[in-house]
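Shown next: structure-v7.txt, containing compact mmCIF, C-alpha atoms and all ligand atoms.
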```txt
# COMPACT_ATOMS: atom_id res chain seq x y z
CA MET A 1 11.45 8.71 -29.00
CA SER A 2 10.24 9.84 -25.61
CA LYS A 3 9.21 13.43 -25.15
CA ILE A 4 9.59 13.10 -21.41
CA PHE A 5 12.64 10.99 -20.63
CA LYS A 6 16.17 11.42 -21.87
CA GLU A 7 17.74 8.39 -23.43
CA GLY A 8 18.02 5.81 -20.66
CA GLY A 9 16.44 8.35 -18.33
CA GLU A 10 13.89 5.91 -16.95
CA ASN A 11 16.73 4.07 -15.24
CA LYS A 12 17.45 7.09 -13.05
CA PHE A 13 14.17 6.35 -11.28
CA THR A 14 14.89 2.74 -10.42
CA THR A 15 16.76 1.42 -7.40
CA SER A 16 19.57 0.07 -9.54
CA TYR A 17 20.70 3.65 -10.16
CA ILE A 18 23.04 4.90 -7.47
CA PRO A 19 22.85 8.70 -7.28
CA ASP A 20 26.01 10.83 -7.20
CA ALA A 21 24.74 12.83 -4.26
CA LEU A 22 22.61 11.92 -1.28
CA PRO A 23 21.00 15.13 -0.05
CA HIS A 24 20.08 15.09 3.65
CA ARG A 25 22.23 12.08 4.37
CA GLU A 26 25.53 13.95 4.68
CA GLU A 27 25.62 13.48 8.45
CA GLN A 28 24.87 9.78 8.35
CA ILE A 29 27.55 9.25 5.70
CA GLU A 30 30.15 11.19 7.63
CA GLN A 31 29.34 9.42 10.87
CA LEU A 32 29.62 6.00 9.33
CA VAL A 33 32.85 6.79 7.49
CA ASN A 34 34.30 8.03 10.78
CA ILE A 35 33.22 4.97 12.73
CA ILE A 36 34.86 2.65 10.22
CA SER A 37 37.98 4.78 9.73
CA GLU A 38 38.55 5.05 13.45
CA GLY A 39 37.99 1.36 13.73
CA ILE A 40 40.66 0.63 11.18
CA GLU A 41 43.14 3.29 12.22
CA LEU A 42 42.73 3.30 15.97
CA ASP A 43 41.48 -0.22 16.47
CA ALA A 44 38.44 1.15 18.26
CA PHE A 45 35.29 -0.23 16.78
CA MET A 46 31.78 -1.01 17.93
CA ILE A 47 29.25 -2.41 15.49
CA PRO A 48 27.09 0.48 14.27
CA VAL A 49 23.39 -0.06 13.70
CA LEU A 50 21.65 1.93 10.97
CA TYR A 51 17.91 2.12 11.27
CA GLY A 52 14.94 3.80 9.62
CA GLU A 53 11.83 3.12 7.60
CA THR A 54 11.88 1.75 4.07
CA GLY A 55 13.01 4.23 1.45
CA THR A 56 14.99 6.46 3.80
CA GLY A 57 18.27 5.84 2.00
CA LYS A 58 19.92 3.25 4.26
CA THR A 59 21.05 0.91 1.51
CA THR A 60 22.19 3.72 -0.75
CA THR A 61 24.12 5.34 2.09
CA VAL A 62 25.83 2.06 2.90
CA ILE A 63 26.84 1.57 -0.72
CA HIS A 64 28.24 5.11 -0.78
CA VAL A 65 30.18 4.62 2.41
CA LEU A 66 31.60 1.28 1.32
CA ASN A 67 32.79 2.94 -1.88
CA ILE A 68 34.43 5.71 0.11
CA ILE A 69 36.14 3.21 2.41
CA ASN A 70 37.27 1.16 -0.54
CA LYS A 71 38.90 4.18 -2.14
CA LYS A 72 40.37 5.45 1.10
CA TYR A 73 42.13 2.24 2.11
CA MET A 74 42.61 0.67 -1.31
CA ASP A 75 44.08 -2.83 -1.05
CA LYS A 76 44.00 -2.84 2.73
CA VAL A 77 40.24 -3.41 2.76
CA LYS A 78 37.66 -5.60 1.22
CA VAL A 79 34.08 -4.31 1.26
CA ARG A 80 30.84 -6.18 0.83
CA ARG A 81 27.11 -5.74 1.35
CA ILE A 82 24.75 -8.65 1.74
CA ASN A 83 21.00 -8.53 1.88
CA ALA A 84 20.05 -10.60 4.89
CA THR A 85 16.60 -11.42 3.55
CA THR A 86 18.35 -13.73 1.09
CA TYR A 87 19.77 -15.77 3.96
CA SER A 88 17.33 -17.43 6.27
CA ARG A 89 19.95 -18.41 8.84
CA SER A 90 23.10 -16.90 10.29
CA TYR A 91 25.06 -19.87 8.99
CA LEU A 92 24.17 -19.04 5.39
CA ALA A 93 24.86 -15.34 5.83
CA VAL A 94 28.27 -16.01 7.36
CA LYS A 95 29.07 -18.47 4.62
CA ALA A 96 28.16 -15.93 1.95
CA LEU A 97 30.38 -13.35 3.62
CA ALA A 98 33.30 -15.75 3.98
CA GLN A 99 33.10 -17.10 0.45
CA ASP A 100 34.20 -13.76 -0.90
CA ILE A 101 37.53 -14.13 0.85
CA VAL A 102 38.21 -17.82 1.26
CA PRO A 103 36.79 -20.99 -0.32
CA VAL A 104 34.20 -22.65 1.89
CA PRO A 105 33.17 -26.26 1.25
CA ASP A 106 29.45 -26.78 0.78
CA ARG A 107 29.08 -28.79 3.96
CA GLY A 108 31.00 -30.09 6.89
CA LEU A 109 32.16 -26.88 8.51
CA SER A 110 30.57 -25.32 11.54
CA ILE A 111 29.87 -21.63 11.58
CA GLU A 112 32.78 -21.11 14.00
CA GLU A 113 35.13 -22.99 11.70
CA ILE A 114 34.07 -20.89 8.74
CA LEU A 115 34.70 -17.73 10.70
CA ASN A 116 38.11 -18.97 11.80
CA ARG A 117 39.08 -19.71 8.23
CA LEU A 118 37.88 -16.31 7.18
CA TYR A 119 39.81 -14.66 9.97
CA ASP A 120 43.02 -16.55 9.27
CA LYS A 121 42.88 -15.63 5.63
CA LEU A 122 42.27 -11.95 6.39
CA ASP A 123 45.15 -12.09 8.87
CA ILE A 124 47.55 -13.52 6.31
CA GLN A 125 46.42 -11.08 3.66
CA ASP A 126 46.53 -8.25 6.13
CA THR A 127 43.05 -7.19 5.03
CA TYR A 128 40.22 -5.48 6.86
CA TYR A 129 36.82 -6.81 5.93
CA VAL A 130 34.13 -4.14 6.04
CA PHE A 131 30.68 -5.49 5.35
CA ALA A 132 27.07 -4.48 5.77
CA ILE A 133 24.33 -6.86 6.74
CA ASP A 134 21.43 -5.07 5.12
CA ASP A 135 17.76 -5.63 5.97
CA ALA A 136 18.80 -7.66 8.99
CA ASP A 137 15.50 -7.39 10.92
CA GLU A 138 14.37 -10.95 10.35
CA LEU A 139 17.78 -12.52 10.75
CA VAL A 140 18.36 -10.73 14.03
CA ARG A 141 14.87 -11.40 15.31
CA ARG A 142 14.75 -15.07 14.42
CA GLU A 143 18.08 -16.11 15.84
CA LYS A 144 18.22 -13.62 18.67
CA GLY A 145 21.27 -11.87 17.33
CA ARG A 146 23.36 -15.02 16.92
CA ILE A 147 25.16 -13.60 13.92
CA LEU A 148 26.23 -10.54 15.90
CA GLU A 149 27.34 -12.66 18.79
CA LEU A 150 29.48 -14.82 16.51
CA LEU A 151 30.99 -11.88 14.71
CA THR A 152 32.03 -10.17 17.90
CA ARG A 153 33.14 -13.29 19.73
CA ILE A 154 35.66 -14.31 17.12
CA GLU A 155 37.51 -11.04 17.59
CA GLU A 156 38.24 -12.00 21.15
CA ASN A 157 40.45 -14.89 20.05
CA TYR A 158 42.69 -12.64 18.01
CA ASP A 159 44.77 -9.66 18.94
CA ARG A 160 43.49 -7.34 16.26
CA ARG A 161 40.20 -6.53 14.69
CA LEU A 162 39.71 -7.51 11.08
CA LEU A 163 35.95 -7.74 10.79
CA TYR A 164 33.95 -4.54 10.54
CA PRO A 165 30.25 -5.36 10.33
CA ILE A 166 27.58 -2.73 9.82
CA VAL A 167 24.05 -3.72 10.71
CA VAL A 168 21.08 -2.22 8.86
CA VAL A 169 17.53 -2.66 10.13
CA ARG A 170 14.16 -1.08 9.55
CA ASN A 171 13.05 -1.39 13.12
CA ILE A 172 15.42 -0.84 16.02
CA LYS A 173 13.17 -2.77 18.38
CA TYR A 174 14.67 -6.10 17.28
CA ILE A 175 18.05 -4.83 18.32
CA ASP A 176 16.71 -3.52 21.61
CA ALA A 177 15.17 -6.90 22.33
CA LEU A 178 18.52 -8.70 22.15
CA PRO A 179 20.17 -10.12 25.27
CA ARG A 180 22.42 -7.74 27.18
CA HIS A 181 25.67 -9.55 26.39
CA ILE A 182 25.06 -8.86 22.70
CA THR A 183 23.81 -5.29 22.90
CA SER A 184 26.78 -4.38 25.07
CA LYS A 185 29.07 -5.46 22.24
CA LEU A 186 27.17 -3.38 19.77
CA GLY A 187 28.16 -0.42 21.87
CA GLY A 188 25.03 1.55 21.17
CA MET A 189 26.35 3.27 18.07
CA ARG A 190 23.13 4.02 16.27
CA ILE A 191 22.52 6.05 13.18
CA HIS A 192 18.96 7.06 12.54
CA PHE A 193 17.52 7.58 9.06
CA PRO A 194 14.45 9.77 9.54
CA SER A 195 11.74 9.76 6.91
CA TYR A 196 12.02 12.57 4.38
CA ASN A 197 9.66 15.54 4.36
CA LYS A 198 8.34 17.21 1.24
CA ASN A 199 11.20 19.68 0.85
CA GLN A 200 13.84 17.03 1.34
CA LEU A 201 12.12 14.87 -1.24
CA LYS A 202 12.31 17.77 -3.69
CA ASP A 203 16.07 17.94 -3.18
CA ILE A 204 16.37 14.21 -3.76
CA LEU A 205 14.41 14.53 -6.97
CA LYS A 206 16.67 17.22 -8.46
CA GLU A 207 19.47 14.94 -9.63
CA ARG A 208 17.05 12.44 -11.18
CA ILE A 209 15.17 15.13 -13.05
CA GLU A 210 18.37 16.67 -14.37
CA LYS A 211 19.72 13.35 -15.55
CA GLY A 212 16.58 11.51 -16.51
CA ILE A 213 14.04 14.01 -17.80
CA LYS A 214 14.23 16.31 -20.77
CA GLU A 215 14.24 20.08 -20.39
CA GLY A 216 10.68 21.11 -19.51
CA GLY A 217 9.59 17.48 -19.21
CA ILE A 218 8.05 17.98 -15.80
CA THR A 219 6.13 20.90 -14.31
CA GLN A 220 6.71 22.46 -10.91
CA ASN A 221 3.16 21.53 -9.91
CA ALA A 222 3.84 17.90 -10.74
CA ILE A 223 6.86 18.01 -8.43
CA GLU A 224 4.82 19.68 -5.67
CA CYS A 225 2.08 17.10 -6.06
CA ALA A 226 4.38 14.07 -6.11
CA THR A 227 6.47 15.11 -3.13
CA PHE A 228 3.39 16.05 -1.11
CA ASN A 229 1.76 12.69 -1.78
CA THR A 230 4.94 10.86 -0.90
CA GLU A 231 5.20 12.60 2.44
CA LYS A 232 1.53 12.19 3.29
CA LEU A 233 0.62 8.81 1.86
CA VAL A 234 3.80 6.77 2.14
CA GLY A 235 5.66 8.41 4.99
CA GLY A 236 8.43 10.09 3.02
CA ASN A 237 9.67 6.96 1.28
CA ALA A 238 12.06 8.14 -1.48
CA ARG A 239 11.73 4.91 -3.40
CA GLU A 240 7.99 5.47 -3.75
CA LEU A 241 8.56 9.03 -4.92
CA LEU A 242 10.81 7.86 -7.75
CA HIS A 243 8.28 5.20 -8.60
CA ILE A 244 5.46 7.76 -8.79
CA ILE A 245 7.47 10.03 -11.10
CA LEU A 246 8.42 7.15 -13.36
CA LYS A 247 4.83 6.03 -13.58
CA ALA A 248 3.56 9.56 -14.16
CA GLY A 249 6.14 9.93 -16.92
CA LYS A 250 4.85 6.85 -18.64
CA ILE A 251 1.28 8.08 -18.36
CA ALA A 252 2.32 11.42 -19.89
CA GLU A 253 4.09 9.59 -22.70
CA LYS A 254 1.08 7.45 -23.42
CA SER A 255 -1.19 10.45 -23.75
CA ASP A 256 1.44 12.15 -25.88
CA ASP A 257 1.74 15.13 -23.55
CA PRO A 258 4.89 17.27 -23.67
CA SER A 259 5.53 17.18 -19.93
CA ILE A 260 4.56 15.43 -16.71
CA ASN A 261 1.86 17.54 -15.07
CA ALA A 262 0.02 17.37 -11.76
CA GLU A 263 -2.78 15.29 -13.21
CA HIS A 264 -0.36 12.63 -14.45
CA VAL A 265 1.03 12.44 -10.95
CA ARG A 266 -2.46 12.08 -9.47
CA GLN A 267 -3.20 9.31 -11.92
CA ALA A 268 0.01 7.54 -10.99
CA VAL A 269 -0.79 7.93 -7.29
CA PHE A 270 -4.34 6.72 -7.83
CA GLU A 271 -3.22 3.64 -9.74
CA THR A 272 -0.64 2.78 -7.13
CA TYR A 273 -2.47 3.52 -3.90
CA SER A 274 -6.15 3.42 -4.79
CA SER A 275 -6.82 0.93 -2.01
CA THR A 276 -5.45 3.31 0.60
CA LEU A 277 -7.27 6.25 -0.90
CA SER A 278 -10.64 4.84 -1.82
CA SER A 279 -12.57 5.91 1.28
CA GLY A 280 -12.28 9.56 0.28
CA LEU A 281 -14.38 9.11 -2.79
CA THR A 282 -17.43 7.90 -0.97
CA LEU A 283 -19.21 11.16 -0.36
CA SER A 284 -21.87 10.58 2.20
CA LYS A 285 -24.15 13.56 1.76
CA GLU A 286 -26.28 13.38 -1.31
CA LYS A 287 -26.84 16.32 -3.59
CA ASP A 288 -26.23 19.00 -1.01
CA ARG A 289 -24.50 22.31 -1.49
CA ASN A 290 -20.99 21.12 -0.68
CA MET A 291 -21.25 18.48 -3.31
CA ARG A 292 -22.39 21.05 -5.84
CA ILE A 293 -19.45 23.25 -4.91
CA LEU A 294 -17.04 20.37 -5.34
CA TRP A 295 -18.54 19.54 -8.67
CA ALA A 296 -18.15 23.15 -9.84
CA LEU A 297 -14.57 23.16 -8.58
CA TYR A 298 -13.65 20.02 -10.44
CA LYS A 299 -15.35 21.30 -13.55
CA ALA A 300 -13.32 24.50 -13.26
CA VAL A 301 -10.14 22.48 -13.06
CA GLN A 302 -11.04 20.22 -15.94
CA GLY A 303 -9.01 21.07 -18.97
CA LYS A 304 -6.32 22.53 -16.73
CA PRO A 305 -4.53 19.31 -15.88
CA ASP A 306 -1.52 20.97 -14.33
CA THR A 307 -3.58 22.45 -11.50
CA TYR A 308 -2.25 21.70 -8.04
CA TYR A 309 -3.00 24.76 -5.91
CA ILE A 310 -6.52 26.12 -5.87
CA ASP A 311 -5.83 29.77 -6.62
CA ASP A 312 -8.05 32.83 -7.00
CA GLU A 313 -8.60 32.23 -10.67
CA ILE A 314 -9.98 28.76 -10.00
CA LEU A 315 -12.14 30.06 -7.16
CA GLU A 316 -13.55 32.69 -9.48
CA LYS A 317 -14.33 30.14 -12.13
CA THR A 318 -15.81 27.72 -9.62
CA PHE A 319 -18.24 30.39 -8.48
CA GLU A 320 -19.16 31.23 -12.05
CA ILE A 321 -19.89 27.61 -12.88
CA TYR A 322 -21.84 27.14 -9.65
CA SER A 323 -24.05 30.16 -10.27
CA SER A 324 -24.70 29.51 -13.92
CA THR A 325 -25.43 25.82 -13.43
CA PHE A 326 -27.58 25.82 -10.33
CA HIS A 327 -29.08 29.32 -10.26
CA LEU A 328 -29.27 29.17 -6.50
CA GLU A 329 -28.77 32.05 -4.09
CA ASP A 330 -27.22 29.87 -1.39
CA LEU A 331 -23.57 30.68 -2.08
CA SER A 332 -21.73 33.95 -1.87
CA LYS A 333 -18.42 34.32 -3.63
CA SER A 334 -16.60 35.61 -0.59
CA ASP A 335 -17.58 32.58 1.47
CA LEU A 336 -16.20 30.11 -1.04
CA PRO A 337 -12.59 29.94 0.24
CA ASP A 338 -13.73 29.29 3.82
CA ILE A 339 -16.21 26.66 2.74
CA LEU A 340 -13.53 24.81 0.79
CA LEU A 341 -11.10 25.15 3.67
CA ASP A 342 -13.68 23.63 5.97
CA MET A 343 -14.26 20.77 3.60
CA ALA A 344 -10.55 20.15 3.26
CA ILE A 345 -10.17 19.89 7.00
CA TYR A 346 -13.33 18.09 8.06
CA GLU A 347 -14.99 16.42 5.18
CA VAL A 348 -13.12 15.38 2.08
CA GLN A 349 -9.45 15.37 2.99
CA ASN A 350 -8.72 13.02 0.15
CA LEU A 351 -10.19 15.29 -2.47
CA ILE A 352 -9.07 18.74 -1.51
CA THR A 353 -6.43 19.13 1.12
CA LEU A 354 -3.98 21.55 2.68
CA ASP A 355 -0.35 21.63 1.67
CA ASN A 356 1.55 24.04 3.86
CA GLY A 357 -1.59 26.11 4.43
CA LYS A 358 -2.59 26.28 0.79
CA LEU A 359 -5.61 24.52 -0.68
CA THR A 360 -4.68 21.85 -3.17
CA ILE A 361 -6.02 19.05 -5.29
CA ALA A 362 -3.51 16.47 -4.29
CA HIS A 363 -4.61 12.88 -4.48
CA TYR A 364 -7.40 11.97 -6.88
CA PRO A 365 -7.30 12.46 -10.62
CA VAL A 366 -9.59 15.34 -11.55
CA ASN A 367 -11.43 13.40 -14.23
CA THR A 368 -12.19 10.49 -11.94
CA VAL A 369 -13.70 12.76 -9.32
CA TYR A 370 -15.54 14.94 -11.80
CA ASN A 371 -17.26 11.95 -13.37
CA LYS A 372 -18.17 10.50 -10.01
CA LEU A 373 -19.63 13.80 -8.80
CA THR A 374 -21.58 14.25 -12.02
CA GLN A 375 -23.08 10.81 -11.53
CA LYS A 376 -24.06 11.59 -7.95
CA LEU A 377 -25.52 14.99 -8.66
CA PHE A 378 -27.35 14.55 -11.91
CA PHE A 379 -28.25 10.90 -12.20
N1 LIG A 401 19.10 11.15 0.18
C1 LIG A 401 18.87 10.57 -1.00
N2 LIG A 401 19.29 11.14 -2.15
C2 LIG A 401 19.07 10.57 -3.34
N3 LIG A 401 18.40 9.42 -3.51
C3 LIG A 401 17.94 8.80 -2.39
C4 LIG A 401 18.16 9.34 -1.10
N4 LIG A 401 17.59 8.52 -0.19
C5 LIG A 401 17.04 7.52 -0.88
N5 LIG A 401 17.25 7.68 -2.20
C6 LIG A 401 16.79 6.80 -3.27
O1 LIG A 401 15.55 6.22 -2.84
C7 LIG A 401 15.52 4.83 -3.11
C8 LIG A 401 15.38 4.07 -1.81
O2 LIG A 401 16.55 4.22 -1.04
P1 LIG A 401 17.22 3.00 -0.25
O3 LIG A 401 18.61 3.36 0.05
O4 LIG A 401 16.97 1.73 -1.00
O5 LIG A 401 16.33 3.03 1.08
P2 LIG A 401 16.25 1.96 2.26
O6 LIG A 401 17.43 1.05 2.14
O7 LIG A 401 16.27 2.80 3.49
O8 LIG A 401 14.94 1.26 2.08
C9 LIG A 401 16.79 4.52 -3.87
O9 LIG A 401 16.52 4.55 -5.24
C10 LIG A 401 17.74 5.64 -3.49
O10 LIG A 401 18.65 5.90 -4.51
MG MG A 402 17.41 -1.02 1.95
```
Please re-express this file's structure in structure tokens.
Amino acid sequence: MSKIFKEGGENKFTTSYIPDALPHREEQIEQLVNIISEGIELDAFMIPVLYGETGTGKTTTVIHVLNIINKKYMDKVKVRRINATTYSRSYLAVKALAQDIVPVPDRGLSIEEILNRLYDKLDIQDTYYVFAIDDADELVRREKGRILELLTRIEENYDRRLLYPIVVVRNIKYIDALPRHITSKLGGMRIHFPSYNKNQLKDILKERIEKGIKEGGITQNAIECATFNTEKLVGGNARELLHIILKAGKIAEKSDDPSINAEHVRQAVFETYSSTLSSGLTLSKEKDRNMRILWALYKAVQGKPDTYYIDDEILEKTFEIYSSTFHLEDLSKSDLPDILLDMAIYEVQNLITLDNGKLTIAHYPVNTVYNKLTQKLFF
């Protein structure tokens, strides 16, 4: 049995798990619910475009909103989300959307005919069809917005609106590049999904930790370290954060530790992003004082795997190790914090770095660095 995860807890860190709450997306959810509700109730609808980087909660928000709409209007609506990357052409996407409502023969029908069938069926059933075209970047780019043109044009032949598309893209520039006659129909309703910062990522993590990890199964420093890395290395992508925690949890399990600590997180980060990080480990200056200081620091932290912030106690110990190992008079204790600060800013940002003004060991696993420094200094 896992010491770290609750039963089935690992699943809370995968994308198949839909969280109960979406912290920091309340506004986007409300906006989208309003746009669709007003569309249905007041017959005033312009296609909204949701946009933001990967892992900013677009898909999850859409799923939430579709659930809300489904509950709110019950049998008056049908909701659906398609992932546009599955459909290379507008024809296939439209067919997939229509097939949920009305049978579509495999071949023989034009895209307009399919849409007409769909519309007629919705009309007879008196149903509003609310659907999201998720990850639509490629589809929109490749066919210059054809799908949007078709979806809006068909409405013009009927006296009421039954189709309520929502478009989701990573990059708004493909929408901006569309011809005027299409963008004007979109109406400019845009909902931005900004990347999450460290504190927002912490809020997102709360529900997963409560539901997926045992009491005491993760330390505060591990959370600080994981959220900091996610903001800095992968631009606040929540999916990556969950992935890092899951991986760190498995590393902790493997080493039979009682909780996920900062070092497990660093190992998970290192395994996942080592290609992005690697430059930081190539220390240029050979055997100089700064390298000796770093070595002493990493030695001080060894055996304290949950270290994230470099506090006074660690500074003290670093100085002790430095003095007793090298017996040199070239370092005074009071200078140590400033020297490390300098290094964090100018020299070895990937080894020691600043998180909200505090010195931290954020990215590299302590053991990896310690061994490398030992090699450089003594061999
Ligand atoms: N605000 C949030 N609260 C809780 N979980 C979130 C939030 N935003 C994103 N996530 C989670 O992060 C992962 C990525 O989100 P997703 O909606 O797939 O992003 P996108 O579609 O923008 O790439 C999912 O597992 C999702 O549940
Ligand atoms: Mg998505």
Please identify the residues whose atoms come within 8 Å of ligand MG 402 (chain A), using all atoms listed in the file, and report them as a PyMOL selection string. chain A and resi 54-55+57-60+134-135+168
Which residue gives the smallest distance to Lys71 (chain A) among A:Ser37, A:Thr368, A:Gln99, A:Thr230, with only C-alpha atoms counted?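 So, comparing all the options, the nearest one is A:Ser37.
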Taking 2 positions as the minimum chain separation for residues in the same chain, which residues sit within 8 Å of Pro194 (chain A) when counting only C-alpha atoms? Answer as a PyMOL selection string. chain A and resi 52-53+56+192+196
Within 10 Å of Lys317 (chain A), counting all atoms listed in the file, which residues qualify if same-chain residues fewer than 3 places away don't, as number ranges by chain? A: 296-297, 299-301, 312-314, 320-323
Best match for closeness to ligand LIG 401 (chain A) among A:Ala238, A:Leu178, A:Val140, A:Ile111, counting all atoms listed in the file: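 Looking at the shortest contact to ligand LIG 401 (chain A), the residue is A:Ala238.
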